[in-house]
>>> print(open('final-v7.csv').read())   # CSV, N, CA and C atoms
chain,number,residue,atom,x,y,z
A,1,MET,N,21.4,23.4,64.5
A,1,MET,CA,22.3,24.3,63.8
A,1,MET,C,23.3,24.8,64.8
A,2,SER,N,24.5,25.1,64.3
A,2,SER,CA,25.5,25.6,65.1
A,2,SER,C,26.2,26.8,64.5
A,3,GLY,N,27.0,27.5,65.2
A,3,GLY,CA,27.7,28.6,64.7
A,3,GLY,C,27.2,29.9,65.3
A,4,ALA,N,26.2,29.9,66.1
A,4,ALA,CA,25.8,31.2,66.7
A,4,ALA,C,26.7,31.5,67.9
A,5,THR,N,26.6,32.7,68.4
A,5,THR,CA,27.3,33.1,69.6
A,5,THR,C,26.7,32.4,70.7
A,6,ALA,N,27.5,31.9,71.7
A,6,ALA,CA,27.0,31.1,72.8
A,6,ALA,C,26.0,31.9,73.6
A,7,SER,N,24.9,31.3,73.9
A,7,SER,CA,23.8,31.9,74.7
A,7,SER,C,23.2,33.1,74.1
A,8,ASP,N,23.2,33.2,72.7
A,8,ASP,CA,22.6,34.3,72.0
A,8,ASP,C,21.1,34.2,72.0
A,9,ALA,N,20.4,35.0,72.7
A,9,ALA,CA,18.9,35.0,72.7
A,9,ALA,C,18.3,35.3,71.4
A,10,ASN,N,19.0,36.0,70.5
A,10,ASN,CA,18.5,36.4,69.2
A,10,ASN,C,19.1,35.7,68.0
A,11,ALA,N,19.4,34.4,68.2
A,11,ALA,CA,20.2,33.6,67.2
A,11,ALA,C,19.3,33.5,65.9
A,12,VAL,N,18.0,33.2,66.1
A,12,VAL,CA,17.1,33.1,64.9
A,12,VAL,C,15.9,33.9,65.2
A,13,PHE,N,15.4,34.7,64.2
A,13,PHE,CA,14.2,35.5,64.4
A,13,PHE,C,13.1,34.8,63.6
A,14,GLN,N,11.9,35.2,64.0
A,14,GLN,CA,10.7,34.8,63.3
A,14,GLN,C,10.8,35.3,61.9
A,15,GLY,N,10.5,34.5,60.9
A,15,GLY,CA,10.6,34.9,59.5
A,15,GLY,C,12.0,34.6,58.8
A,16,ASP,N,13.0,34.2,59.6
A,16,ASP,CA,14.3,33.9,59.0
A,16,ASP,C,14.1,32.8,58.0
A,17,ALA,N,14.8,32.8,56.9
A,17,ALA,CA,14.7,31.8,55.8
A,17,ALA,C,16.0,31.0,55.8
A,18,PHE,N,15.8,29.7,55.5
A,18,PHE,CA,17.0,28.8,55.5
A,18,PHE,C,16.9,27.9,54.3
A,19,GLN,N,18.0,27.4,53.8
A,19,GLN,CA,18.1,26.5,52.7
A,19,GLN,C,19.0,25.3,53.2
A,20,PHE,N,18.5,24.1,53.0
A,20,PHE,CA,19.3,22.9,53.4
A,20,PHE,C,20.6,22.9,52.5
A,21,LYS,N,21.7,22.7,53.2
A,21,LYS,CA,23.0,22.7,52.5
A,21,LYS,C,23.3,21.4,51.7
A,22,ASP,N,23.8,21.5,50.5
A,22,ASP,CA,24.2,20.3,49.7
A,22,ASP,C,25.6,19.9,50.1
A,23,GLY,N,25.9,18.6,49.8
A,23,GLY,CA,27.2,18.1,50.0
A,23,GLY,C,27.6,17.7,51.5
A,24,VAL,N,26.6,17.5,52.3
A,24,VAL,CA,26.9,17.1,53.7
A,24,VAL,C,27.3,15.7,53.7
A,25,SER,N,28.4,15.3,54.3
A,25,SER,CA,29.0,14.0,54.2
A,25,SER,C,28.0,13.0,54.7
A,26,GLY,N,27.7,11.9,53.9
A,26,GLY,CA,26.8,10.9,54.3
A,26,GLY,C,25.3,11.2,54.2
A,27,LYS,N,25.0,12.3,53.7
A,27,LYS,CA,23.6,12.7,53.5
A,27,LYS,C,23.2,13.0,52.1
A,28,THR,N,22.0,12.6,51.7
A,28,THR,CA,21.5,12.9,50.3
A,28,THR,C,21.1,14.3,50.3
A,29,ASN,N,21.4,15.0,49.2
A,29,ASN,CA,21.0,16.4,49.0
A,29,ASN,C,19.4,16.4,49.0
A,30,LEU,N,18.9,17.3,49.9
A,30,LEU,CA,17.4,17.4,49.9
A,30,LEU,C,16.9,18.2,48.7
A,31,ARG,N,15.9,17.6,48.1
A,31,ARG,CA,15.2,18.3,46.9
A,31,ARG,C,13.7,18.1,47.0
A,32,TYR,N,13.0,19.1,46.6
A,32,TYR,CA,11.6,19.0,46.4
A,32,TYR,C,11.3,18.1,45.3
A,33,LEU,N,10.1,17.4,45.4
A,33,LEU,CA,9.6,16.6,44.3
A,33,LEU,C,8.6,17.4,43.4
A,34,THR,N,8.5,17.0,42.2
A,34,THR,CA,7.5,17.7,41.3
A,34,THR,C,6.1,17.3,41.8
A,35,PHE,N,5.2,18.2,41.5
A,35,PHE,CA,3.8,18.0,41.9
A,35,PHE,C,3.2,16.9,41.2
A,36,ILE,N,3.4,16.8,39.9
A,36,ILE,CA,2.9,15.6,39.1
A,36,ILE,C,4.1,14.7,38.8
A,37,GLY,N,3.9,13.4,39.2
A,37,GLY,CA,4.9,12.4,38.9
A,37,GLY,C,5.9,12.2,40.1
A,38,HIS,N,5.9,13.1,41.0
A,38,HIS,CA,6.8,13.0,42.2
A,38,HIS,C,8.2,12.7,41.7
A,39,ARG,N,8.7,13.4,40.8
A,39,ARG,CA,10.1,13.3,40.3
A,39,ARG,C,11.0,14.3,41.0
A,40,GLN,N,12.2,14.0,41.3
A,40,GLN,CA,13.1,15.0,42.0
A,40,GLN,C,13.3,16.2,41.1
A,41,SER,N,13.2,17.4,41.7
A,41,SER,CA,13.4,18.6,41.0
A,41,SER,C,14.8,19.1,41.3
A,42,ALA,N,15.2,20.3,40.7
A,42,ALA,CA,16.5,20.9,41.0
A,42,ALA,C,16.4,21.8,42.2
A,43,ASN,N,15.2,22.0,42.7
A,43,ASN,CA,15.0,23.0,43.8
A,43,ASN,C,15.4,22.5,45.1
A,44,PRO,N,16.4,23.2,45.8
A,44,PRO,CA,16.8,22.8,47.2
A,44,PRO,C,15.6,23.1,48.1
A,45,VAL,N,15.6,22.4,49.2
A,45,VAL,CA,14.5,22.6,50.2
A,45,VAL,C,14.8,23.8,51.1
A,46,HIS,N,13.8,24.7,51.2
A,46,HIS,CA,13.8,25.9,52.0
A,46,HIS,C,12.8,25.7,53.2
A,47,LEU,N,13.1,26.5,54.2
A,47,LEU,CA,12.2,26.5,55.3
A,47,LEU,C,12.2,27.9,56.0
A,48,TRP,N,11.1,28.3,56.6
A,48,TRP,CA,11.0,29.6,57.2
A,48,TRP,C,10.7,29.4,58.7
A,49,GLN,N,11.4,30.1,59.5
A,49,GLN,CA,11.2,29.9,61.0
A,49,GLN,C,10.0,30.7,61.4
A,50,LEU,N,9.1,30.1,62.1
A,50,LEU,CA,7.9,30.7,62.6
A,50,LEU,C,8.1,31.3,64.0
A,51,ARG,N,9.1,30.9,64.7
A,51,ARG,CA,9.3,31.4,66.1
A,51,ARG,C,10.8,31.8,66.3
A,52,MET,N,11.1,32.7,67.2
A,52,MET,CA,12.4,33.0,67.6
A,52,MET,C,13.1,31.8,68.2
A,53,ALA,N,14.4,31.6,68.1
A,53,ALA,CA,15.1,30.5,68.7
A,53,ALA,C,16.4,31.1,69.3
A,54,ALA,N,16.8,30.6,70.5
A,54,ALA,CA,18.0,31.1,71.1
A,54,ALA,C,19.1,30.0,71.0
A,55,ALA,N,20.3,30.4,71.1
A,55,ALA,CA,21.4,29.5,71.1
A,55,ALA,C,21.7,29.0,72.5
A,56,ASP,N,22.2,27.8,72.7
A,56,ASP,CA,22.6,27.3,74.0
A,56,ASP,C,24.0,27.8,74.3
A,57,GLY,N,24.5,27.3,75.4
A,57,GLY,CA,25.8,27.8,75.8
A,57,GLY,C,27.0,27.4,74.9
A,58,SER,N,26.7,26.4,74.0
A,58,SER,CA,27.7,26.0,73.0
A,58,SER,C,27.6,26.6,71.7
A,59,GLY,N,26.5,27.5,71.5
A,59,GLY,CA,26.3,28.1,70.2
A,59,GLY,C,25.4,27.3,69.3
A,60,ASN,N,24.8,26.2,69.8
A,60,ASN,CA,23.9,25.4,69.0
A,60,ASN,C,22.5,26.0,69.1
A,61,VAL,N,21.8,25.9,68.0
A,61,VAL,CA,20.4,26.4,67.9
A,61,VAL,C,19.5,25.3,67.4
A,62,ILE,N,18.4,25.0,68.1
A,62,ILE,CA,17.5,24.0,67.7
A,62,ILE,C,16.2,24.8,67.2
A,63,ILE,N,15.9,24.5,65.9
A,63,ILE,CA,14.7,25.1,65.3
A,63,ILE,C,13.7,24.0,65.0
A,64,SER,N,12.4,24.4,65.0
A,64,SER,CA,11.3,23.5,64.6
A,64,SER,C,11.0,23.7,63.2
A,65,ILE,N,10.9,22.6,62.5
A,65,ILE,CA,10.5,22.7,61.0
A,65,ILE,C,9.0,22.7,61.0
A,66,ASN,N,8.4,23.8,60.6
A,66,ASN,CA,7.0,23.9,60.6
A,66,ASN,C,6.3,23.8,59.2
A,67,ASN,N,7.1,23.7,58.2
A,67,ASN,CA,6.6,23.5,56.8
A,67,ASN,C,6.0,22.1,56.7
A,68,PRO,N,5.0,22.0,55.9
A,68,PRO,CA,4.5,20.6,55.6
A,68,PRO,C,5.4,19.8,54.7
A,69,LEU,N,6.5,19.4,55.3
A,69,LEU,CA,7.5,18.6,54.5
A,69,LEU,C,7.2,17.1,54.7
A,70,ASN,N,7.0,16.3,53.6
A,70,ASN,CA,6.6,14.9,53.7
A,70,ASN,C,7.5,14.1,52.9
A,71,TRP,N,8.2,13.1,53.4
A,71,TRP,CA,9.1,12.2,52.7
A,71,TRP,C,8.5,10.8,52.7
A,72,ALA,N,7.5,10.6,53.5
A,72,ALA,CA,7.0,9.2,53.8
A,72,ALA,C,6.2,8.5,52.6
A,73,GLY,N,6.0,9.2,51.6
A,73,GLY,CA,5.3,8.6,50.4
A,73,GLY,C,3.9,9.0,50.4
A,74,GLY,N,3.2,8.5,49.3
A,74,GLY,CA,1.8,8.8,49.2
A,74,GLY,C,1.6,10.1,48.3
A,75,ALA,N,0.3,10.5,48.2
A,75,ALA,CA,0.0,11.6,47.3
A,75,ALA,C,0.6,12.9,47.8
A,76,ASN,N,0.9,13.1,49.1
A,76,ASN,CA,1.4,14.3,49.7
A,76,ASN,C,2.9,14.4,49.8
A,77,GLN,N,3.6,13.3,49.3
A,77,GLN,CA,5.1,13.3,49.4
A,77,GLN,C,5.7,14.5,48.6
A,78,ASN,N,6.6,15.3,49.2
A,78,ASN,CA,7.2,16.4,48.5
A,78,ASN,C,8.7,16.5,48.7
A,79,LEU,N,9.3,15.5,49.3
A,79,LEU,CA,10.7,15.5,49.5
A,79,LEU,C,11.3,14.2,49.0
A,80,ASN,N,12.6,14.2,48.6
A,80,ASN,CA,13.2,13.0,48.1
A,80,ASN,C,13.8,12.1,49.1
A,81,THR,N,14.0,12.6,50.4
A,81,THR,CA,14.6,11.8,51.4
A,81,THR,C,14.2,12.4,52.8
A,82,PRO,N,14.2,11.6,53.8
A,82,PRO,CA,13.8,12.1,55.1
A,82,PRO,C,14.8,13.1,55.7
A,83,ILE,N,14.3,14.1,56.5
A,83,ILE,CA,15.2,15.0,57.2
A,83,ILE,C,15.5,14.4,58.5
A,84,CYS,N,16.8,14.3,58.9
A,84,CYS,CA,17.2,13.8,60.1
A,84,CYS,C,18.3,14.6,60.7
A,85,CYS,N,18.9,14.1,61.8
A,85,CYS,CA,20.0,14.8,62.5
A,85,CYS,C,21.1,15.0,61.5
A,86,TRP,N,21.8,16.1,61.8
A,86,TRP,CA,23.1,16.4,61.1
A,86,TRP,C,23.0,17.0,59.7
A,87,TYR,N,21.8,17.3,59.3
A,87,TYR,CA,21.6,18.0,58.1
A,87,TYR,C,22.0,19.5,58.4
A,88,ALA,N,22.6,20.2,57.5
A,88,ALA,CA,23.0,21.6,57.7
A,88,ALA,C,22.0,22.5,56.9
A,89,ALA,N,21.7,23.6,57.5
A,89,ALA,CA,20.9,24.6,56.8
A,89,ALA,C,21.6,26.0,56.9
A,90,LEU,N,21.6,26.7,55.8
A,90,LEU,CA,22.2,28.0,55.7
A,90,LEU,C,21.1,29.1,55.4
A,91,THR,N,21.4,30.3,55.7
A,91,THR,CA,20.5,31.4,55.3
A,91,THR,C,20.5,31.4,53.8
A,92,PHE,N,19.4,32.0,53.2
A,92,PHE,CA,19.3,32.0,51.7
A,92,PHE,C,20.5,32.7,51.1
A,93,PRO,N,21.1,32.1,50.0
A,93,PRO,CA,22.2,32.8,49.3
A,93,PRO,C,21.6,33.8,48.3
A,94,SER,N,20.4,33.7,47.9
A,94,SER,CA,19.8,34.5,46.9
A,94,SER,C,18.3,34.5,47.0
A,95,HIS,N,17.6,35.1,46.1
A,95,HIS,CA,16.1,35.1,46.0
A,95,HIS,C,15.6,34.1,45.0
A,96,ARG,N,16.4,33.2,44.5
A,96,ARG,CA,15.9,32.2,43.5
A,96,ARG,C,15.0,31.2,44.3
A,97,ALA,N,13.9,31.0,43.7
A,97,ALA,CA,12.9,30.1,44.4
A,97,ALA,C,12.1,29.4,43.3
A,98,GLY,N,11.4,28.4,43.6
A,98,GLY,CA,10.5,27.7,42.7
A,98,GLY,C,9.1,27.6,43.4
A,99,GLY,N,8.2,27.3,42.6
A,99,GLY,CA,6.8,27.2,43.1
A,99,GLY,C,6.1,26.0,42.4
A,100,ILE,N,5.1,25.5,43.1
A,100,ILE,CA,4.3,24.4,42.6
A,100,ILE,C,2.9,25.0,42.6
A,101,VAL,N,2.2,24.9,41.4
A,101,VAL,CA,0.9,25.4,41.3
A,101,VAL,C,0.0,24.3,40.7
A,102,GLY,N,-1.2,24.1,41.3
A,102,GLY,CA,-2.1,23.0,40.9
A,102,GLY,C,-3.5,23.5,41.1
A,103,GLY,N,-4.4,22.8,40.4
A,103,GLY,CA,-5.8,23.1,40.5
A,103,GLY,C,-6.2,24.4,39.8
A,104,ASP,N,-7.1,25.2,40.3
A,104,ASP,CA,-7.6,26.4,39.7
A,104,ASP,C,-6.8,27.6,40.3
A,105,ALA,N,-5.6,27.8,39.7
A,105,ALA,CA,-4.7,28.8,40.2
A,105,ALA,C,-5.2,30.2,39.8
A,106,PHE,N,-4.9,31.2,40.6
A,106,PHE,CA,-5.2,32.6,40.3
A,106,PHE,C,-4.0,33.3,40.1
A,107,TYR,N,-3.9,34.1,39.1
A,107,TYR,CA,-2.7,34.9,38.8
A,107,TYR,C,-3.1,36.4,38.8
A,108,ILE,N,-2.2,37.2,39.1
A,108,ILE,CA,-2.5,38.7,39.1
A,108,ILE,C,-1.5,39.4,38.2
A,109,ALA,N,-1.9,40.4,37.5
A,109,ALA,CA,-1.1,41.1,36.6
A,109,ALA,C,-0.6,42.4,37.4
A,110,MET,N,0.6,42.8,37.0
A,110,MET,CA,1.1,44.1,37.6
A,110,MET,C,0.9,45.2,36.6
A,111,PRO,N,0.7,46.4,37.1
A,111,PRO,CA,0.5,47.5,36.1
A,111,PRO,C,1.8,47.7,35.3
A,112,GLN,N,1.6,48.3,34.1
A,112,GLN,CA,2.7,48.5,33.2
A,112,GLN,C,3.6,49.6,33.7
A,113,LEU,N,4.8,49.4,33.6
A,113,LEU,CA,5.8,50.4,34.0
A,113,LEU,C,6.0,51.5,32.9
A,114,PRO,N,6.5,52.7,33.3
A,114,PRO,CA,6.7,53.7,32.3
A,114,PRO,C,7.6,53.2,31.1
A,115,GLU,N,7.3,53.8,29.9
A,115,GLU,CA,8.1,53.4,28.7
A,115,GLU,C,9.4,54.1,28.7
A,116,GLN,N,10.3,53.8,29.6
A,116,GLN,CA,11.6,54.4,29.7
A,116,GLN,C,12.6,53.5,30.3
A,117,SER,N,13.8,53.7,29.9
A,117,SER,CA,14.9,52.8,30.5
A,117,SER,C,15.1,53.1,31.9
A,118,PRO,N,15.2,52.2,32.8
A,118,PRO,CA,15.5,50.7,32.5
A,118,PRO,C,14.2,49.9,32.6
A,119,PHE,N,13.0,50.5,32.3
A,119,PHE,CA,11.7,49.8,32.4
A,119,PHE,C,11.1,49.5,31.1
A,120,ASP,N,11.9,49.2,30.1
A,120,ASP,CA,11.3,48.8,28.7
A,120,ASP,C,10.3,47.8,28.9
A,121,THR,N,9.1,48.0,28.4
A,121,THR,CA,8.0,47.1,28.6
A,121,THR,C,7.3,46.7,27.3
A,122,ALA,N,6.4,45.7,27.3
A,122,ALA,CA,5.6,45.3,26.2
A,122,ALA,C,4.3,44.7,26.8
A,123,ASN,N,3.2,44.8,26.0
A,123,ASN,CA,2.0,44.2,26.4
A,123,ASN,C,1.6,43.2,25.4
A,124,GLU,N,1.1,42.1,25.8
A,124,GLU,CA,0.6,41.1,24.9
A,124,GLU,C,-0.7,40.5,25.5
A,125,ALA,N,-1.6,40.1,24.6
A,125,ALA,CA,-2.9,39.4,25.0
A,125,ALA,C,-3.0,38.1,24.3
A,126,ASP,N,-3.5,37.1,25.1
A,126,ASP,CA,-3.7,35.8,24.5
A,126,ASP,C,-5.0,35.8,23.7
A,127,PRO,N,-5.1,35.5,22.5
A,127,PRO,CA,-6.3,35.6,21.7
A,127,PRO,C,-7.4,34.7,22.2
A,128,GLU,N,-7.1,33.6,22.8
A,128,GLU,CA,-8.1,32.6,23.2
A,128,GLU,C,-8.8,33.1,24.5
A,129,THR,N,-8.0,33.6,25.5
A,129,THR,CA,-8.5,33.9,26.8
A,129,THR,C,-8.7,35.4,27.0
A,130,GLY,N,-8.0,36.2,26.2
A,130,GLY,CA,-8.1,37.7,26.3
A,130,GLY,C,-7.2,38.2,27.4
A,131,VAL,N,-6.5,37.3,28.1
A,131,VAL,CA,-5.6,37.7,29.2
A,131,VAL,C,-4.3,38.2,28.6
>>> encode(input="final-v7.csv", output="structure tokens")
Amino acid sequence: MSGATASDANAVFQGDAFQFKDGVSGKTNLRYLTFIGHRQSANPVHLWQLRMAAADGSGNVIISINNPLNWAGGANQNLNTPICCWYAALTFPSHRAGGIVGGDAFYIAMPQLPEQSPFDTANEADPETGV
């Protein structure tokens, strides 16, 4: 990555979140694949930095991708194309995100908010499961 202040020791902090940029010349837009069928989704690829990273004298920052991102095929493939040099990543523009759930998933309910604006609420129960 580039654009940091030269020799900035605090260019990237642990926990910083990034999203791969679309429209990089000569590169396919990175997308997650669906859990079932391995079809390309609309979700751009995100990553979280697990360690701090410093900028070099030119303002370039090298980060390690620690997420289990797999493009090589097989049952664990979750990317549409390999990640290689010259892909660009930006900090998150928003909190929009997607998730993949499989197997015996566990869900948690949040307590009901007060019956007042702006917290208008409703409760419903599924007749089959009681949830």
>>> atom_distance(input="final-v7.csv", atom1="atom C of Leu69 in chain A", atom2="atom C of Gly23 in chain A")
20.7 Å
>>> residues_around(input="final-v7.csv", residues="range 45-60 of chain A", least_positions_apart="5", cutoff="8 Å", atoms="all atoms listed in the file", output="list in words")
Met1, Ser2, Gly3, Ala4, Thr5, Ala6, Ser7, Asp8, Ala9, Asn10, Ala11, Val12, Phe13, Gln14, Gly15, Asp16, Ala17, Phe18, Gln19, Phe20, Lys21, Asn29, Leu30, Arg31, Tyr32, Ile65, Asn66 and Asn67 of chain A
>>> closest_residue(input="final-v7.csv", among="A:Ile36, A:Thr28, A:Gly130, A:Glu124", to="Asn80 in chain A", atoms="all atoms listed in the file")
A:Thr28
>>> atom_distance(input="final-v7.csv", atom1="CA of Ala88 in chain A", atom2="CA of Val24 in chain A")
7.2 Å
>>> closest_residue(input="final-v7.csv", among="A:Val101, A:Leu90, A:Ala75, A:Val61", to="Gly37 in chain A", atoms="only C-alpha atoms")
A:Ala75
>>> atom_distance(input="final-v7.csv", atom1="atom N of Asp22 in chain A", atom2="atom C of Gly102 in chain A")
28.9 Å
>>> residues_near_point(input="final-v7.csv", point="(13.7, 19.9, 61.7)", cutoff="8 Å", atoms="only N, CA and C atoms", output="PyMOL selection string")
chain A and resi 62-66+83-85
>>> write_last_selection(input="final-v7.csv", atoms="N, CA and C atoms", output="mmCIF file, in the coordinates of the input")
data_model
loop_
_atom_site.group_PDB
_atom_site.id
_atom_site.type_symbol
_atom_site.label_atom_id
_atom_site.label_comp_id
_atom_site.auth_asym_id
_atom_site.auth_seq_id
_atom_site.Cartn_x
_atom_site.Cartn_y
_atom_site.Cartn_z
ATOM 1 N N ILE A 62 18.400 25.000 68.100
ATOM 2 C CA ILE A 62 17.500 24.000 67.700
ATOM 3 C C ILE A 62 16.200 24.800 67.200
ATOM 4 N N ILE A 63 15.900 24.500 65.900
ATOM 5 C CA ILE A 63 14.700 25.100 65.300
ATOM 6 C C ILE A 63 13.700 24.000 65.000
ATOM 7 N N SER A 64 12.400 24.400 65.000
ATOM 8 C CA SER A 64 11.300 23.500 64.600
ATOM 9 C C SER A 64 11.000 23.700 63.200
ATOM 10 N N ILE A 65 10.900 22.600 62.500
ATOM 11 C CA ILE A 65 10.500 22.700 61.000
ATOM 12 C C ILE A 65 9.000 22.700 61.000
ATOM 13 N N ASN A 66 8.400 23.800 60.600
ATOM 14 C CA ASN A 66 7.000 23.900 60.600
ATOM 15 C C ASN A 66 6.300 23.800 59.200
ATOM 16 N N ILE A 83 14.300 14.100 56.500
ATOM 17 C CA ILE A 83 15.200 15.000 57.200
ATOM 18 C C ILE A 83 15.500 14.400 58.500
ATOM 19 N N CYS A 84 16.800 14.300 58.900
ATOM 20 C CA CYS A 84 17.200 13.800 60.100
ATOM 21 C C CYS A 84 18.300 14.600 60.700
ATOM 22 N N CYS A 85 18.900 14.100 61.800
ATOM 23 C CA CYS A 85 20.000 14.800 62.500
ATOM 24 C C CYS A 85 21.100 15.000 61.500
#
>>> closest_residue(input="final-v7.csv", among="A:Asn70, A:Thr81, A:Asn76, A:Asn43", to="Lys27 in chain A", atoms="only C-alpha atoms")
A:Thr81
>>> select_by_dssp(input="final-v7.csv", residues="range 20-63 of chain A", states="strand (DSSP E or B)", output="ChimeraX atom specification")
/A:20,31-33,40-44,46-48,53,55,61
>>> closest_residue(input="final-v7.csv", among="A:Ala105, A:Asp126, A:Tyr87, A:Leu79", to="Pro44 in chain A", atoms="only C-alpha atoms")
A:Leu79
